[in-house]
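Participant: The following block contains the structure, expressed as structure tokens.
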Amino acid sequence: MPAFSDPSDADRAVQWPLPPGAGTEATAPGRRLRLGVMASGNGSNFEALVQASSSPLLPAQVVCLVVNNPGCGAKARAERLKIAVTCLDHRRFASRDNLDGALVDHFQAAAVDLVVMAGWMRIVTSRLISAYPERLVNIHPSLLPSFRGVDAVGQALAAGVSLSGCTAHLVSEEVDSGRILVQAAVPVLASDSHDALARRIQAQEHRILPLAVHLAAARLGLLHGQPQA
Ligand code: GRF
């Protein structure tokens with residue numbers, strides 16, 4: 001066995017690409033990216049974004065969270081962190097399109113620059129994607145294009161791969177298929193349970209998602225106080 005205890009700790013996970021100058025680019029005085037976040041579950045990626053936003057890593061402000069499950073952990077985190085949270089329960093909408101229309105209305109009213117799907121467990125439609133072209137970021141627990149869709153961690157274990165990881169990418173209409181922004185690779189150990197691997201992958205998600213948001217914004221010229229594209 002390798003002589004290290006956590007093969008996916010910060011120094012060993014492989015991460016590519018790093019946004020040029022990540023953590024060093026400044027915005028014009030007073031200009032911070034306005035982020036809207038969507039989450040369905042525990043919300044650890046949402047909280048990682050909030051934490052990164054208050055550091056030089058990401059000159060941003062998470063202005064609102066939308067959840068679709070009223071009792072989810074993400075909502076409780078937002079309340080603790082004092083971030084405005086709204087529940088748009090998918091069960092109350094007649095179609096995906098209607099739900100996405102409500103999301104667009106919400107994010108437009110909040111004047112967000114970018115929208116981050118941080119564990120949003122619903123398929124999104126062109127209604128949302130076309131309202132935020134190149135501005136909608138998703139995090140997925142595999143090295144795409146491998147293991148798209150549900151239970152990517154279980155798929156990786158079942159396939160017997162020795163390397164998995166996570167991908168932050170732009171959202172396109174085909175599920176888990178948009179342009180890749182940042183990936184981190186995580187070794188799969190012979191002893192790994194689903195939970196153990198998922199936990200190590202998530203630790204990397206928390207690192208790459210803020211970088212991916214930074215990169216998405218830089219591509220659009222939203223940093224340095226430039227006007228919105
Ligand atoms: C993450 O593993 C993400 O990759 C997937 O959903 C999970 C959300 O976790 N899309 P959390 O709610 O951020 O803790």
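Order determines the names: the first chain of the structure tokens is A, the second B, and so forth; residues in each chain are numbered 1 upward, and ligands are numbered 1 upward as they are shown.
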Using only C-alpha atoms and all ligand atoms, find each residue with an atom at most 7 Å away from ligand 1 and format the answer as a list in words.

Facilitator: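 Listing the residues within 7 Å of ligand 1 gives Ala39, Ser40, Gly41, Asn42, Gly43, Ser44, Asn45, Phe46, Ala74, Ala118, Gly119, Trp120, Met121, Ile139, His140, Pro141, Cys166, Gln202 and Glu205 of chain A.
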
Participant: Enumerate the residues of segment 92-219 of chain A with a DSSP assignment of alpha helix (DSSP H), computed from the backbone, and present them as an NGL selection string.

Facilitator: :A and (96-109 or 126-131 or 152-159 or 194-219)

Participant: Restricting it to N, CA and C atoms, dump the selection as a short mmCIF file (atom, residue, chain, number, x, y, z; two decimals), in the first residue's frame.

Facilitator:
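File produced: result.cif:
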```cif
data_model
loop_
_atom_site.label_atom_id
_atom_site.label_comp_id
_atom_site.auth_asym_id
_atom_site.auth_seq_id
_atom_site.Cartn_x
_atom_site.Cartn_y
_atom_site.Cartn_z
N ARG A 96 -40.80 20.93 -16.19
CA ARG A 96 -39.42 21.41 -15.98
C ARG A 96 -39.29 22.84 -16.49
N ASP A 97 -39.93 23.10 -17.62
CA ASP A 97 -39.84 24.41 -18.24
C ASP A 97 -40.40 25.50 -17.30
N ASN A 98 -41.51 25.19 -16.66
CA ASN A 98 -42.09 26.17 -15.72
C ASN A 98 -41.17 26.43 -14.54
N LEU A 99 -40.60 25.35 -14.01
CA LEU A 99 -39.66 25.52 -12.89
C LEU A 99 -38.47 26.38 -13.33
N ASP A 100 -37.94 26.08 -14.51
CA ASP A 100 -36.77 26.83 -14.97
C ASP A 100 -37.13 28.30 -15.25
N GLY A 101 -38.36 28.53 -15.70
CA GLY A 101 -38.82 29.91 -15.90
C GLY A 101 -38.82 30.67 -14.58
N ALA A 102 -39.25 30.00 -13.52
CA ALA A 102 -39.25 30.64 -12.20
C ALA A 102 -37.83 30.89 -11.72
N LEU A 103 -36.92 29.96 -12.02
CA LEU A 103 -35.52 30.17 -11.65
C LEU A 103 -34.95 31.39 -12.37
N VAL A 104 -35.23 31.50 -13.66
CA VAL A 104 -34.72 32.64 -14.44
C VAL A 104 -35.27 33.94 -13.86
N ASP A 105 -36.56 33.97 -13.60
CA ASP A 105 -37.16 35.20 -13.03
C ASP A 105 -36.46 35.57 -11.72
N HIS A 106 -36.22 34.55 -10.91
CA HIS A 106 -35.60 34.80 -9.60
C HIS A 106 -34.19 35.35 -9.76
N PHE A 107 -33.40 34.70 -10.61
CA PHE A 107 -32.00 35.14 -10.75
C PHE A 107 -31.91 36.48 -11.47
N GLN A 108 -32.81 36.73 -12.39
CA GLN A 108 -32.78 38.03 -13.06
C GLN A 108 -33.14 39.15 -12.07
N ALA A 109 -34.12 38.88 -11.23
CA ALA A 109 -34.50 39.90 -10.23
C ALA A 109 -33.33 40.17 -9.27
N SER A 126 -33.59 24.29 -21.76
CA SER A 126 -33.04 25.41 -22.52
C SER A 126 -33.54 26.75 -21.97
N ARG A 127 -34.63 26.72 -21.27
CA ARG A 127 -35.16 27.97 -20.68
C ARG A 127 -34.11 28.61 -19.76
N LEU A 128 -33.51 27.80 -18.91
CA LEU A 128 -32.48 28.31 -17.99
C LEU A 128 -31.14 28.46 -18.72
N ILE A 129 -30.80 27.47 -19.52
CA ILE A 129 -29.48 27.48 -20.18
C ILE A 129 -29.35 28.69 -21.10
N SER A 130 -30.41 28.98 -21.85
CA SER A 130 -30.29 30.09 -22.81
C SER A 130 -30.36 31.45 -22.12
N ALA A 131 -30.90 31.49 -20.90
CA ALA A 131 -30.92 32.77 -20.16
C ALA A 131 -29.54 33.09 -19.60
N ALA A 152 -22.55 8.83 -10.02
CA ALA A 152 -21.27 8.73 -10.74
C ALA A 152 -20.22 8.02 -9.90
N VAL A 153 -20.28 8.18 -8.58
CA VAL A 153 -19.31 7.51 -7.70
C VAL A 153 -19.54 6.00 -7.76
N GLY A 154 -20.77 5.58 -7.68
CA GLY A 154 -21.09 4.15 -7.79
C GLY A 154 -20.70 3.60 -9.15
N GLN A 155 -20.92 4.39 -10.19
CA GLN A 155 -20.53 3.94 -11.54
C GLN A 155 -19.01 3.72 -11.61
N ALA A 156 -18.25 4.63 -10.99
CA ALA A 156 -16.79 4.51 -11.04
C ALA A 156 -16.34 3.26 -10.27
N LEU A 157 -16.96 3.02 -9.10
CA LEU A 157 -16.59 1.83 -8.32
C LEU A 157 -16.94 0.56 -9.10
N ALA A 158 -18.12 0.56 -9.71
CA ALA A 158 -18.56 -0.63 -10.46
C ALA A 158 -17.66 -0.90 -11.66
N ALA A 159 -17.13 0.18 -12.24
CA ALA A 159 -16.28 0.00 -13.43
C ALA A 159 -14.87 -0.42 -13.05
N HIS A 194 -18.29 3.37 -1.00
CA HIS A 194 -18.93 4.46 -1.74
C HIS A 194 -18.77 5.76 -0.97
N ASP A 195 -19.04 5.70 0.34
CA ASP A 195 -18.97 6.91 1.16
C ASP A 195 -17.56 7.50 1.20
N ALA A 196 -16.59 6.61 1.35
CA ALA A 196 -15.20 7.09 1.48
C ALA A 196 -14.76 7.79 0.20
N LEU A 197 -15.06 7.18 -0.93
CA LEU A 197 -14.66 7.79 -2.21
C LEU A 197 -15.43 9.09 -2.44
N ALA A 198 -16.73 9.05 -2.15
CA ALA A 198 -17.55 10.26 -2.35
C ALA A 198 -17.02 11.41 -1.51
N ARG A 199 -16.59 11.09 -0.28
CA ARG A 199 -16.08 12.14 0.61
C ARG A 199 -14.80 12.76 0.05
N ARG A 200 -13.90 11.91 -0.45
CA ARG A 200 -12.64 12.46 -0.97
C ARG A 200 -12.87 13.25 -2.26
N ILE A 201 -13.82 12.78 -3.06
CA ILE A 201 -14.13 13.54 -4.28
C ILE A 201 -14.74 14.89 -3.90
N GLN A 202 -15.62 14.86 -2.91
CA GLN A 202 -16.26 16.13 -2.53
C GLN A 202 -15.24 17.15 -2.02
N ALA A 203 -14.23 16.67 -1.32
CA ALA A 203 -13.21 17.62 -0.83
C ALA A 203 -12.58 18.34 -2.02
N GLN A 204 -12.42 17.65 -3.12
CA GLN A 204 -11.86 18.29 -4.33
C GLN A 204 -12.89 19.19 -5.01
N GLU A 205 -14.16 18.78 -4.98
CA GLU A 205 -15.19 19.66 -5.54
C GLU A 205 -15.15 21.03 -4.88
N HIS A 206 -14.96 21.00 -3.56
CA HIS A 206 -14.98 22.27 -2.83
C HIS A 206 -13.81 23.16 -3.25
N ARG A 207 -12.74 22.57 -3.74
CA ARG A 207 -11.59 23.36 -4.20
C ARG A 207 -11.80 23.86 -5.63
N ILE A 208 -12.32 22.99 -6.50
CA ILE A 208 -12.35 23.38 -7.92
C ILE A 208 -13.56 24.23 -8.29
N LEU A 209 -14.65 24.13 -7.54
CA LEU A 209 -15.83 24.89 -7.96
C LEU A 209 -15.56 26.40 -7.92
N PRO A 210 -14.96 26.93 -6.86
CA PRO A 210 -14.64 28.38 -6.90
C PRO A 210 -13.68 28.73 -8.03
N LEU A 211 -12.72 27.85 -8.31
CA LEU A 211 -11.80 28.13 -9.43
C LEU A 211 -12.55 28.16 -10.75
N ALA A 212 -13.49 27.24 -10.90
CA ALA A 212 -14.26 27.18 -12.15
C ALA A 212 -15.13 28.43 -12.33
N VAL A 213 -15.69 28.90 -11.24
CA VAL A 213 -16.50 30.13 -11.32
C VAL A 213 -15.60 31.30 -11.72
N HIS A 214 -14.43 31.34 -11.13
CA HIS A 214 -13.46 32.38 -11.47
C HIS A 214 -13.12 32.31 -12.96
N LEU A 215 -12.87 31.10 -13.44
CA LEU A 215 -12.50 30.90 -14.83
C LEU A 215 -13.66 31.28 -15.77
N ALA A 216 -14.87 30.87 -15.43
CA ALA A 216 -16.03 31.20 -16.26
C ALA A 216 -16.19 32.71 -16.35
N ALA A 217 -15.98 33.39 -15.24
CA ALA A 217 -16.12 34.85 -15.23
C ALA A 217 -15.01 35.50 -16.04
N ALA A 218 -13.79 34.96 -15.90
CA ALA A 218 -12.65 35.54 -16.63
C ALA A 218 -12.86 35.39 -18.14
N ARG A 219 -13.39 34.24 -18.58
CA ARG A 219 -13.64 34.01 -20.01
C ARG A 219 -14.58 35.07 -20.58
#
```

Participant: Apply DSSP to the structure's backbone, then extract all residues of segment 12-197 of chain A labelled strand (DSSP E or B) and return them as a ChimeraX atom specification.

Facilitator: /A:14-16,33-39,60-67,84-87,114-117,136-140,163-170,180-187

Participant: I'd like the neighbourhood of Asn68 of chain A as a list of chain:residue names, where a residue qualifies if any of its atoms comes within 7 Å (using only C-alpha atoms), though same-chain residues fewer than 2 positions away should be ignored.

Facilitator: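 Within the cut-off, the hits are A:Ser40, A:Val66, A:Pro70, A:Cys87, A:Leu88, A:Asp89, A:His90.
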
Participant: Take the residues that were just selected and, keeping all heavy atoms, output them as a PDB file, in the first residue's frame.

Facilitator:
```pdb
ATOM      1  N   SER A  40     -29.891  21.106  -4.098  1.00  0.00           N
ATOM      2  CA  SER A  40     -30.996  20.209  -3.732  1.00  0.00           C
ATOM      3  C   SER A  40     -30.761  19.474  -2.424  1.00  0.00           C
ATOM      4  O   SER A  40     -31.709  18.960  -1.826  1.00  0.00           O
ATOM      5  CB  SER A  40     -31.184  19.129  -4.822  1.00  0.00           C
ATOM      6  OG  SER A  40     -31.490  19.693  -6.057  1.00  0.00           O
ATOM      7  N   VAL A  66     -31.218  29.097  -4.365  1.00  0.00           N
ATOM      8  CA  VAL A  66     -32.531  28.500  -4.604  1.00  0.00           C
ATOM      9  C   VAL A  66     -32.423  27.008  -4.345  1.00  0.00           C
ATOM     10  O   VAL A  66     -31.499  26.356  -4.850  1.00  0.00           O
ATOM     11  CB  VAL A  66     -33.029  28.748  -6.047  1.00  0.00           C
ATOM     12  CG1 VAL A  66     -34.360  28.025  -6.287  1.00  0.00           C
ATOM     13  CG2 VAL A  66     -33.200  30.234  -6.314  1.00  0.00           C
ATOM     14  N   PRO A  70     -37.628  21.626   0.480  1.00  0.00           N
ATOM     15  CA  PRO A  70     -37.768  22.550   1.600  1.00  0.00           C
ATOM     16  C   PRO A  70     -36.932  22.167   2.825  1.00  0.00           C
ATOM     17  O   PRO A  70     -36.480  23.042   3.555  1.00  0.00           O
ATOM     18  CB  PRO A  70     -39.270  22.521   1.917  1.00  0.00           C
ATOM     19  CG  PRO A  70     -39.892  21.506   1.027  1.00  0.00           C
ATOM     20  CD  PRO A  70     -38.911  21.103  -0.019  1.00  0.00           C
ATOM     21  N   CYS A  87     -37.213  28.635  -1.730  1.00  0.00           N
ATOM     22  CA  CYS A  87     -37.520  27.267  -2.153  1.00  0.00           C
ATOM     23  C   CYS A  87     -38.463  27.313  -3.350  1.00  0.00           C
ATOM     24  O   CYS A  87     -39.552  27.875  -3.263  1.00  0.00           O
ATOM     25  CB  CYS A  87     -38.152  26.480  -1.007  1.00  0.00           C
ATOM     26  SG  CYS A  87     -38.488  24.775  -1.491  1.00  0.00           S
ATOM     27  N   LEU A  88     -38.012  26.743  -4.460  1.00  0.00           N
ATOM     28  CA  LEU A  88     -38.892  26.529  -5.614  1.00  0.00           C
ATOM     29  C   LEU A  88     -39.049  25.009  -5.718  1.00  0.00           C
ATOM     30  O   LEU A  88     -38.222  24.329  -6.328  1.00  0.00           O
ATOM     31  CB  LEU A  88     -38.281  27.117  -6.888  1.00  0.00           C
ATOM     32  CG  LEU A  88     -38.078  28.640  -6.908  1.00  0.00           C
ATOM     33  CD1 LEU A  88     -37.399  29.085  -8.208  1.00  0.00           C
ATOM     34  CD2 LEU A  88     -39.406  29.367  -6.735  1.00  0.00           C
ATOM     35  N   ASP A  89     -40.064  24.506  -5.079  1.00  0.00           N
ATOM     36  CA  ASP A  89     -40.274  23.061  -4.981  1.00  0.00           C
ATOM     37  C   ASP A  89     -40.752  22.528  -6.340  1.00  0.00           C
ATOM     38  O   ASP A  89     -41.837  22.907  -6.802  1.00  0.00           O
ATOM     39  CB  ASP A  89     -41.320  22.800  -3.885  1.00  0.00           C
ATOM     40  CG  ASP A  89     -41.494  21.323  -3.596  1.00  0.00           C
ATOM     41  OD1 ASP A  89     -41.193  20.495  -4.465  1.00  0.00           O
ATOM     42  OD2 ASP A  89     -41.956  21.016  -2.479  1.00  0.00           O
ATOM     43  N   HIS A  90     -39.940  21.665  -6.930  1.00  0.00           N
ATOM     44  CA  HIS A  90     -40.276  21.191  -8.285  1.00  0.00           C
ATOM     45  C   HIS A  90     -41.639  20.503  -8.327  1.00  0.00           C
ATOM     46  O   HIS A  90     -42.287  20.457  -9.366  1.00  0.00           O
ATOM     47  CB  HIS A  90     -39.187  20.240  -8.804  1.00  0.00           C
ATOM     48  CG  HIS A  90     -38.999  19.020  -7.963  1.00  0.00           C
ATOM     49  ND1 HIS A  90     -38.270  19.024  -6.807  1.00  0.00           N
ATOM     50  CD2 HIS A  90     -39.470  17.759  -8.106  1.00  0.00           C
ATOM     51  CE1 HIS A  90     -38.281  17.817  -6.263  1.00  0.00           C
ATOM     52  NE2 HIS A  90     -39.006  17.031  -7.025  1.00  0.00           N
TER      53      HIS A  90
END
```

Participant: Taking into account only C-alpha atoms, which residue in the set A:Glu47, A:Pro145, A:Leu58, A:Ala94 is nearest to Ala76 of chain A?

Facilitator: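 Comparing A:Glu47, A:Pro145, A:Leu58, A:Ala94 against Ala76 of chain A, the winner is A:Glu47.
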